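S.K.: Dumping the structure here so I can ask a few things about it.
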Amino acid sequence: MNVTKGTIGWIEVICGPMFSGKSEELIRRLRRAEIARQRVQIFKPAIDRRYAQDQIVSHSDLRIRSEAVSNAAELQARVDVRAEVIGVDEGQFLGPELVEVATRLADMGKRVLIAGLDTDYLGRPFHPMPELLAVADEIMKTLAICMQCGNPAKHTQRLVASSDLIVVGAEGMYEARCRRCFEPNLAAVHAATATTIPD
Ligand SMILES: [Zn+2]
């Protein structure tokens, strides 16, 4: 955040559950870099088609242009050598190679900002975010507000029945929950209930 001038590379990671303002914070930092007339390049996973293919959009509807890539290798191939700041949203969807790619870009002198979910729908560390936290120069952990009780929330509660690691969605499919209200087995419970309801 307090960026050095010049060519010292840097990795910043913003992580937390859904609805905690990660994209908003990422966009805020990238906008400030643009105001400082730095050359900014922004990526997001092609899997995330919720709002727009060529933009990162926060839940509060902040937007910034971005390029969609399917993995970290494609991201690296698309990096403009002149870019001074590289922004990445939803880093958890870009694969384990993102750690190496981010490190390489920082070693080249670029400021790399990565936002992503730190845990999955079962509360497990969502790779490669833990590894990115380890190699980062600066970390911000964002908390949401528990939609059940109003306490600070670190979990992403999935509300639909699915055992897939990745189910891209927003309001209605997920909500933020605190430790006490988080129910990782809720999806399975819903699935069991659904089979008992006749059509
Ligand atoms: Zn709660």
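The chains in the structure tokens are called A, B, ... from first to last as shown; in each chain the residues are counted from 1, and the ligands are counted from 1 in the order shown.
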At a cut-off of 10 Å and counting only C-alpha atoms and all ligand atoms, what residues surround ligand 1? Please answer as a PyMOL selection string.
M.R.: chain A and resi 145-155+176-182
S.K.: Name all residues at most 7 Å from segment 97-103 of chain A (count only C-alpha atoms; drop same-chain ones fewer than 5 positions away) and give them as a list in words.
M.R.: Ala72, Gln76, Val112, Pro128, Glu131 and Leu132 of chain A
S.K.: DSSP on the backbone, then: every residue of segment 19-193 of chain A marked helix (DSSP H, G or I), written as a PDB file with C-alpha atoms, in the first residue's frame.
M.R.:
ATOM      1  CA  LYS A  22     -11.770  -7.537  -1.326  1.00  0.00           C
ATOM      2  CA  SER A  23     -12.502  -6.410  -4.889  1.00  0.00           C
ATOM      3  CA  GLU A  24     -13.441  -2.963  -3.655  1.00  0.00           C
ATOM      4  CA  GLU A  25     -10.079  -2.643  -1.871  1.00  0.00           C
ATOM      5  CA  LEU A  26      -8.223  -4.000  -4.904  1.00  0.00           C
ATOM      6  CA  ILE A  27      -9.959  -1.508  -7.202  1.00  0.00           C
ATOM      7  CA  ARG A  28      -9.218   1.337  -4.763  1.00  0.00           C
ATOM      8  CA  ARG A  29      -5.502   0.548  -4.768  1.00  0.00           C
ATOM      9  CA  LEU A  30      -5.362   0.129  -8.545  1.00  0.00           C
ATOM     10  CA  ARG A  31      -7.158   3.443  -9.087  1.00  0.00           C
ATOM     11  CA  ARG A  32      -4.632   5.206  -6.868  1.00  0.00           C
ATOM     12  CA  ALA A  33      -1.817   3.724  -8.969  1.00  0.00           C
ATOM     13  CA  GLU A  34      -3.549   5.029 -12.096  1.00  0.00           C
ATOM     14  CA  ILE A  35      -3.894   8.465 -10.543  1.00  0.00           C
ATOM     15  CA  ALA A  72      -1.452 -18.149 -14.152  1.00  0.00           C
ATOM     16  CA  ALA A  73       0.608 -19.191 -17.189  1.00  0.00           C
ATOM     17  CA  GLU A  74      -1.717 -17.293 -19.512  1.00  0.00           C
ATOM     18  CA  LEU A  75      -1.556 -14.317 -17.170  1.00  0.00           C
ATOM     19  CA  GLN A  76       2.240 -14.310 -17.348  1.00  0.00           C
ATOM     20  CA  ALA A  77       2.169 -14.574 -21.133  1.00  0.00           C
ATOM     21  CA  ARG A  78      -0.161 -11.583 -21.346  1.00  0.00           C
ATOM     22  CA  GLY A  91      -6.545 -15.343  -7.319  1.00  0.00           C
ATOM     23  CA  GLN A  92      -7.811 -18.645  -5.880  1.00  0.00           C
ATOM     24  CA  PHE A  93      -9.068 -19.608  -9.345  1.00  0.00           C
ATOM     25  CA  GLU A  97       1.493 -21.545 -10.578  1.00  0.00           C
ATOM     26  CA  LEU A  98       0.216 -18.124  -9.513  1.00  0.00           C
ATOM     27  CA  VAL A  99       2.724 -18.169  -6.622  1.00  0.00           C
ATOM     28  CA  GLU A 100       5.689 -18.551  -8.961  1.00  0.00           C
ATOM     29  CA  VAL A 101       4.311 -16.082 -11.477  1.00  0.00           C
ATOM     30  CA  ALA A 102       3.643 -13.428  -8.810  1.00  0.00           C
ATOM     31  CA  THR A 103       7.122 -13.905  -7.362  1.00  0.00           C
ATOM     32  CA  ARG A 104       8.724 -13.618 -10.794  1.00  0.00           C
ATOM     33  CA  LEU A 105       6.796 -10.439 -11.612  1.00  0.00           C
ATOM     34  CA  ALA A 106       7.780  -8.901  -8.268  1.00  0.00           C
ATOM     35  CA  ASP A 107      11.401  -9.897  -8.856  1.00  0.00           C
ATOM     36  CA  MET A 129      -3.904 -18.136  -1.393  1.00  0.00           C
ATOM     37  CA  PRO A 130      -2.036 -19.544   1.674  1.00  0.00           C
ATOM     38  CA  GLU A 131       1.175 -19.804  -0.356  1.00  0.00           C
ATOM     39  CA  LEU A 132       0.664 -16.287  -1.711  1.00  0.00           C
ATOM     40  CA  LEU A 133       0.268 -14.990   1.845  1.00  0.00           C
ATOM     41  CA  ALA A 134       3.604 -16.594   2.670  1.00  0.00           C
ATOM     42  CA  VAL A 135       5.495 -14.921  -0.163  1.00  0.00           C
ATOM     43  CA  LEU A 186     -25.394 -27.077   5.192  1.00  0.00           C
ATOM     44  CA  ALA A 187     -25.059 -27.845   1.479  1.00  0.00           C
ATOM     45  CA  ALA A 188     -25.177 -31.587   2.218  1.00  0.00           C
ATOM     46  CA  VAL A 189     -28.154 -31.123   4.561  1.00  0.00           C
ATOM     47  CA  HIS A 190     -30.023 -29.263   1.841  1.00  0.00           C
ATOM     48  CA  ALA A 191     -29.248 -32.037  -0.640  1.00  0.00           C
ATOM     49  CA  ALA A 192     -30.629 -34.694   1.745  1.00  0.00           C
ATOM     50  CA  THR A 193     -33.765 -32.642   2.364  1.00  0.00           C
TER      51      THR A 193
END
S.K.: Select, from A:Val160, A:Ile42, A:Met173, A:Leu122, the residue with the minimum atom-to-atom distance to Val85 of chain A, counting only C-alpha atoms.
M.R.: A:Ile42
S.K.: Rounded to one decimal place, report the atom CA of Asp137 of chain A-atom CA of Leu165 of chain A distance in Å.
M.R.: 28.1 Å
S.K.: Given only C-alpha atoms as the basis, pick out the residue of A:Ala46, A:Ala144, A:Ala136, A:Val167 nearest to Glu67 of chain A.
M.R.: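 Looking at the shortest contact to Glu67 of chain A, the residue is A:Ala46.
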S.K.: For atom CA of Glu90 of chain A and atom CA of Ile56 of chain A, quote the distance in Å rounded to one decimal.
M.R.: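 So the two atoms, atom CA of Glu90 of chain A and atom CA of Ile56 of chain A, lie 9.6 Å apart.
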S.K.: At what distance in Å, to one decimal, does atom CA of Ser66 of chain A lie from atom CA of Val13 of chain A?
M.R.: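 Answer for the atom CA of Val13 of chain A to atom CA of Ser66 of chain A separation: 17.7 Å.
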S.K.: Once DSSP has gone over the backbone, tell me which residues of segment 28-156 of chain A are in strand (DSSP E or B), as a PDB file with N, CA and C atoms, in the first residue's frame.
M.R.:
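As written to disk, part-v1.pdb reads:
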ATOM      1  N   VAL A  40      -0.844   0.315 -15.347  1.00  0.00           N
ATOM      2  CA  VAL A  40      -1.541  -0.725 -14.582  1.00  0.00           C
ATOM      3  C   VAL A  40      -2.163  -1.744 -15.524  1.00  0.00           C
ATOM      4  N   GLN A  41      -1.963  -3.022 -15.207  1.00  0.00           N
ATOM      5  CA  GLN A  41      -2.592  -4.082 -15.995  1.00  0.00           C
ATOM      6  C   GLN A  41      -3.338  -4.996 -15.020  1.00  0.00           C
ATOM      7  N   ILE A  42      -4.562  -5.367 -15.376  1.00  0.00           N
ATOM      8  CA  ILE A  42      -5.428  -6.061 -14.413  1.00  0.00           C
ATOM      9  C   ILE A  42      -5.989  -7.344 -15.023  1.00  0.00           C
ATOM     10  N   PHE A  43      -5.962  -8.401 -14.228  1.00  0.00           N
ATOM     11  CA  PHE A  43      -6.435  -9.705 -14.705  1.00  0.00           C
ATOM     12  C   PHE A  43      -7.479 -10.290 -13.763  1.00  0.00           C
ATOM     13  N   LYS A  44      -8.327 -11.140 -14.345  1.00  0.00           N
ATOM     14  CA  LYS A  44      -9.235 -11.928 -13.506  1.00  0.00           C
ATOM     15  C   LYS A  44      -9.450 -13.269 -14.197  1.00  0.00           C
ATOM     16  N   PRO A  45      -9.875 -14.280 -13.452  1.00  0.00           N
ATOM     17  CA  PRO A  45     -10.070 -15.600 -14.063  1.00  0.00           C
ATOM     18  C   PRO A  45     -11.251 -15.590 -15.039  1.00  0.00           C
ATOM     19  N   GLN A  55     -14.206  -6.606 -17.076  1.00  0.00           N
ATOM     20  CA  GLN A  55     -14.157  -5.692 -15.932  1.00  0.00           C
ATOM     21  C   GLN A  55     -14.153  -6.491 -14.636  1.00  0.00           C
ATOM     22  N   ILE A  56     -13.496  -5.925 -13.611  1.00  0.00           N
ATOM     23  CA  ILE A  56     -13.700  -6.426 -12.255  1.00  0.00           C
ATOM     24  C   ILE A  56     -14.808  -5.561 -11.675  1.00  0.00           C
ATOM     25  N   VAL A  57     -15.793  -6.194 -11.086  1.00  0.00           N
ATOM     26  CA  VAL A  57     -16.919  -5.455 -10.519  1.00  0.00           C
ATOM     27  C   VAL A  57     -17.076  -5.879  -9.065  1.00  0.00           C
ATOM     28  N   ARG A  63     -16.165  -0.559 -10.609  1.00  0.00           N
ATOM     29  CA  ARG A  63     -15.702  -1.299 -11.768  1.00  0.00           C
ATOM     30  C   ARG A  63     -14.337  -0.818 -12.220  1.00  0.00           C
ATOM     31  N   ILE A  64     -13.554  -1.744 -12.754  1.00  0.00           N
ATOM     32  CA  ILE A  64     -12.293  -1.370 -13.379  1.00  0.00           C
ATOM     33  C   ILE A  64     -12.046  -2.373 -14.493  1.00  0.00           C
ATOM     34  N   ARG A  65     -11.486  -1.916 -15.588  1.00  0.00           N
ATOM     35  CA  ARG A  65     -11.295  -2.806 -16.725  1.00  0.00           C
ATOM     36  C   ARG A  65     -10.320  -3.933 -16.374  1.00  0.00           C
ATOM     37  N   GLU A  67      -8.539  -8.009 -17.914  1.00  0.00           N
ATOM     38  CA  GLU A  67      -8.423  -9.029 -18.954  1.00  0.00           C
ATOM     39  C   GLU A  67      -8.708 -10.378 -18.320  1.00  0.00           C
ATOM     40  N   ALA A  68      -9.483 -11.212 -19.009  1.00  0.00           N
ATOM     41  CA  ALA A  68      -9.811 -12.538 -18.478  1.00  0.00           C
ATOM     42  C   ALA A  68      -8.754 -13.543 -18.917  1.00  0.00           C
ATOM     43  N   VAL A  69      -8.232 -14.327 -17.974  1.00  0.00           N
ATOM     44  CA  VAL A  69      -7.248 -15.368 -18.293  1.00  0.00           C
ATOM     45  C   VAL A  69      -7.688 -16.672 -17.630  1.00  0.00           C
ATOM     46  N   VAL A  85       2.338  -1.983 -12.428  1.00  0.00           N
ATOM     47  CA  VAL A  85       1.443  -2.528 -11.403  1.00  0.00           C
ATOM     48  C   VAL A  85       0.571  -3.601 -12.047  1.00  0.00           C
ATOM     49  N   ILE A  86       0.539  -4.778 -11.410  1.00  0.00           N
ATOM     50  CA  ILE A  86      -0.283  -5.879 -11.911  1.00  0.00           C
ATOM     51  C   ILE A  86      -1.347  -6.194 -10.864  1.00  0.00           C
ATOM     52  N   GLY A  87      -2.621  -6.096 -11.243  1.00  0.00           N
ATOM     53  CA  GLY A  87      -3.708  -6.426 -10.320  1.00  0.00           C
ATOM     54  C   GLY A  87      -4.334  -7.754 -10.705  1.00  0.00           C
ATOM     55  N   VAL A  88      -4.662  -8.568  -9.710  1.00  0.00           N
ATOM     56  CA  VAL A  88      -5.296  -9.861  -9.975  1.00  0.00           C
ATOM     57  C   VAL A  88      -6.459 -10.032  -8.999  1.00  0.00           C
ATOM     58  N   ARG A 111       4.895  -4.121  -9.021  1.00  0.00           N
ATOM     59  CA  ARG A 111       4.050  -4.200  -7.831  1.00  0.00           C
ATOM     60  C   ARG A 111       2.870  -5.105  -8.188  1.00  0.00           C
ATOM     61  N   VAL A 112       2.725  -6.196  -7.463  1.00  0.00           N
ATOM     62  CA  VAL A 112       1.693  -7.187  -7.765  1.00  0.00           C
ATOM     63  C   VAL A 112       0.654  -7.170  -6.645  1.00  0.00           C
ATOM     64  N   LEU A 113      -0.602  -6.968  -7.024  1.00  0.00           N
ATOM     65  CA  LEU A 113      -1.683  -6.960  -6.038  1.00  0.00           C
ATOM     66  C   LEU A 113      -2.629  -8.100  -6.348  1.00  0.00           C
ATOM     67  N   ILE A 114      -2.882  -8.945  -5.366  1.00  0.00           N
ATOM     68  CA  ILE A 114      -3.738 -10.105  -5.590  1.00  0.00           C
ATOM     69  C   ILE A 114      -4.839 -10.147  -4.532  1.00  0.00           C
ATOM     70  N   ALA A 115      -6.090 -10.232  -4.984  1.00  0.00           N
ATOM     71  CA  ALA A 115      -7.205 -10.422  -4.058  1.00  0.00           C
ATOM     72  C   ALA A 115      -7.746 -11.833  -4.241  1.00  0.00           C
ATOM     73  N   GLY A 116      -8.236 -12.434  -3.168  1.00  0.00           N
ATOM     74  CA  GLY A 116      -8.799 -13.772  -3.301  1.00  0.00           C
ATOM     75  C   GLY A 116      -9.409 -14.290  -2.022  1.00  0.00           C
ATOM     76  N   LEU A 117     -10.150 -15.377  -2.173  1.00  0.00           N
ATOM     77  CA  LEU A 117     -10.770 -16.046  -1.026  1.00  0.00           C
ATOM     78  C   LEU A 117      -9.711 -16.833  -0.277  1.00  0.00           C
ATOM     79  N   THR A 119     -10.405 -18.940   2.323  1.00  0.00           N
ATOM     80  CA  THR A 119     -10.911 -20.283   2.639  1.00  0.00           C
ATOM     81  C   THR A 119     -12.066 -20.641   1.712  1.00  0.00           C
ATOM     82  N   PRO A 125      -8.263 -23.861   3.873  1.00  0.00           N
ATOM     83  CA  PRO A 125      -7.447 -22.911   3.099  1.00  0.00           C
ATOM     84  C   PRO A 125      -7.633 -23.157   1.600  1.00  0.00           C
ATOM     85  N   GLU A 138       3.069  -7.694   1.840  1.00  0.00           N
ATOM     86  CA  GLU A 138       2.045  -7.057   2.660  1.00  0.00           C
ATOM     87  C   GLU A 138       0.738  -7.824   2.525  1.00  0.00           C
ATOM     88  N   ILE A 139       0.024  -7.951   3.632  1.00  0.00           N
ATOM     89  CA  ILE A 139      -1.207  -8.740   3.663  1.00  0.00           C
ATOM     90  C   ILE A 139      -2.322  -7.928   4.291  1.00  0.00           C
ATOM     91  N   MET A 140      -3.498  -7.996   3.683  1.00  0.00           N
ATOM     92  CA  MET A 140      -4.676  -7.435   4.352  1.00  0.00           C
ATOM     93  C   MET A 140      -5.728  -8.523   4.428  1.00  0.00           C
ATOM     94  N   LYS A 141      -6.230  -8.771   5.624  1.00  0.00           N
ATOM     95  CA  LYS A 141      -7.315  -9.731   5.778  1.00  0.00           C
ATOM     96  C   LYS A 141      -8.589  -8.938   6.007  1.00  0.00           C
ATOM     97  N   ALA A 144     -16.041  -9.855   6.632  1.00  0.00           N
ATOM     98  CA  ALA A 144     -17.386  -9.428   6.251  1.00  0.00           C
ATOM     99  C   ALA A 144     -18.220  -9.288   7.524  1.00  0.00           C
ATOM    100  N   ILE A 145     -19.514  -9.114   7.363  1.00  0.00           N
ATOM    101  CA  ILE A 145     -20.430  -9.078   8.503  1.00  0.00           C
ATOM    102  C   ILE A 145     -21.295 -10.332   8.416  1.00  0.00           C
ATOM    103  N   PRO A 152     -18.362  -9.957  13.180  1.00  0.00           N
ATOM    104  CA  PRO A 152     -17.388 -10.045  12.092  1.00  0.00           C
ATOM    105  C   PRO A 152     -17.346 -11.467  11.545  1.00  0.00           C
ATOM    106  N   ALA A 153     -17.311 -11.582  10.210  1.00  0.00           N
ATOM    107  CA  ALA A 153     -17.443 -12.899   9.574  1.00  0.00           C
ATOM    108  C   ALA A 153     -16.202 -13.245   8.770  1.00  0.00           C
ATOM    109  N   HIS A 155     -16.020 -16.496   7.314  1.00  0.00           N
ATOM    110  CA  HIS A 155     -16.362 -17.655   6.491  1.00  0.00           C
ATOM    111  C   HIS A 155     -17.303 -17.306   5.349  1.00  0.00           C
ATOM    112  N   THR A 156     -17.175 -18.098   4.279  1.00  0.00           N
ATOM    113  CA  THR A 156     -18.107 -18.007   3.167  1.00  0.00           C
ATOM    114  C   THR A 156     -19.045 -19.206   3.261  1.00  0.00           C
TER     115      THR A 156
END
